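**Q** Could you have a look at this structure, given as structure tokens, before my questions?
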Amino acid sequence: MILLNALFPVLALILAGNAFKYWQITDAAFFRTSDRLVYFIFFPLMLFWKIGSAPLQFDNGWRYLAACALAVIVVCCLSLLFIRLWPVPSFKAGSFNQGCYRFNTYIGMAVVLNAFGDAGVQLYGILIGLIIPMINVLCVSVLIWYGKNGGNRQGRFAVTLKHLLANPLIIACVGGMLYGKLVGSFPLSIDNTLKLTSQVTLPLALFSIGGSLSFANLRDNMGLALASAGFKLAMLPLLGLGLLWLFDVTGMAWNVSMLFFSLPTSTAIYILSSQLHSDTELASAVIVLSTLLSFGSMALVLLWGG
């Protein structure tokens, strides 16, 4: 029953977003606008509200954060070894690397909320506040290293640092932690307003994810897309499982961490690949394949943890 309750609503909204795009009920302008609303307004408000509404309760301290961060770093390094030994062409290397560990924040939040409730959302919010800046540094570093315009690396790292410091999700997580520590609750009128706002956030985000999926490039990039999805949905969860055991992480923190490891690749890898001159067709293929396969990996985690 946990699979039906946690995963079916997420899958249904993603499929609806893709179907409405196919039927031309929605268009590219709609999805651009909804993406901006979710990224800059609705999702940061939701994170701030969920994290700041009560003091944080850690059943494993901060150990789950260290385990998750170390797992991502190790998988990034292993993907670079694969790029060198396969070998993966430089034009495709950055897109392949991102697909191996970059995660879909919105699908993660939707499944965590459905499966684990507010306690899981708090742990997940703190986790992504730590992981997002680290992953962005890793992704951009690899893209610049393999990019054709690598000579301007200092300028690009400066731009990346600026974007990290102004990232609305990171600001919301830090702000929520401070608010929860100093205050710990919202006035009822504000709480009800934020509750209504949060009800818009995840449906709109999942709808946009469905609208962004394109199967056009999957056939020509199946080999590397499958390898990248294998790193993300098989190697990362297995490595993460070992590290959670090593760091003695249990309870809700274990459930949230394992679900984090099993998430699909973020749709943001397409945008970053385009900006830093990597293969957007491979990025698109990785997104589609990992999204489809992730419902299997998430189901396994939920069955094990449930």
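So you can find residues: chains in the structure tokens are A, B, ... in the order shown, residues in each start at 1, and ligands are numbered from 1 in order.
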Find the spatial neighbours of stretch 241-255 of chain A, counting only C-alpha atoms, within a cut-off of 9 Å - ignore same-chain residues fewer than 2 positions away - and output them as JSON, numbers by chain.

**A** {"A": [58, 59, 60, 61, 63, 64, 65, 66, 67, 68, 70, 71, 116, 119, 120, 123, 124, 236, 237, 238, 239, 257, 258, 259, 260, 261, 301, 302, 304, 305, 306]}

**Q** In terms of the shortest atom-to-atom distance over only C-alpha atoms, which of A:Leu80, A:Leu196, A:Ile190, A:Leu47 is closest to A:Leu169?

**A**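 The answer is A:Leu47, which sits nearest to A:Leu169.
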
**Q** Determine the nearest neighbour of A:Thr280 from the options A:Ser297, A:Asn217, A:Ser208, A:Thr265, counting only C-alpha atoms.

**A**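 Counting only C-alpha atoms, the residue closest to A:Thr280 is A:Asn217.
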
**Q** Could you give me, as a tab-separated table, every stretch 53-132 of chain A residue with an atom at most 12 Å from stretch 269-272 of chain A, plus its closest atom pair and distance in Å to one decimal, counting only C-alpha atoms, rows ordered by chain then number?

**A**
```
residue	atom	partner	partner_atom	distance
A:Lys92	CA	A:Tyr270	CA	11.9
A:Gly94	CA	A:Ile269	CA	9.2
A:Ser95	CA	A:Ile269	CA	6.8
A:Phe96	CA	A:Ile269	CA	9.3
A:Asn97	CA	A:Ile269	CA	9.6
A:Gln98	CA	A:Ile269	CA	6.3
A:Gly99	CA	A:Ile269	CA	7.1
A:Cys100	CA	A:Ile269	CA	10.5
A:Tyr101	CA	A:Ile269	CA	10.4
A:Arg102	CA	A:Ile269	CA	7.6
A:Phe103	CA	A:Ile269	CA	9.4
A:Asn104	CA	A:Ile269	CA	9.9
```

**Q** Assign secondary structure with DSSP using the backbone only, and return the residues of stretch 52-157 of chain A in alpha helix (DSSP H) as a PyMOL selection string.

**A** chain A and resi 52+63-85+90-99+105-146+153-157

**Q** Counting only C-alpha atoms, which of A:Pro133, A:Val142, A:Ser294, A:Leu85 gets nearest to A:Ala166?

**A**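 Smallest separation from A:Ala166 among the options: A:Pro133.
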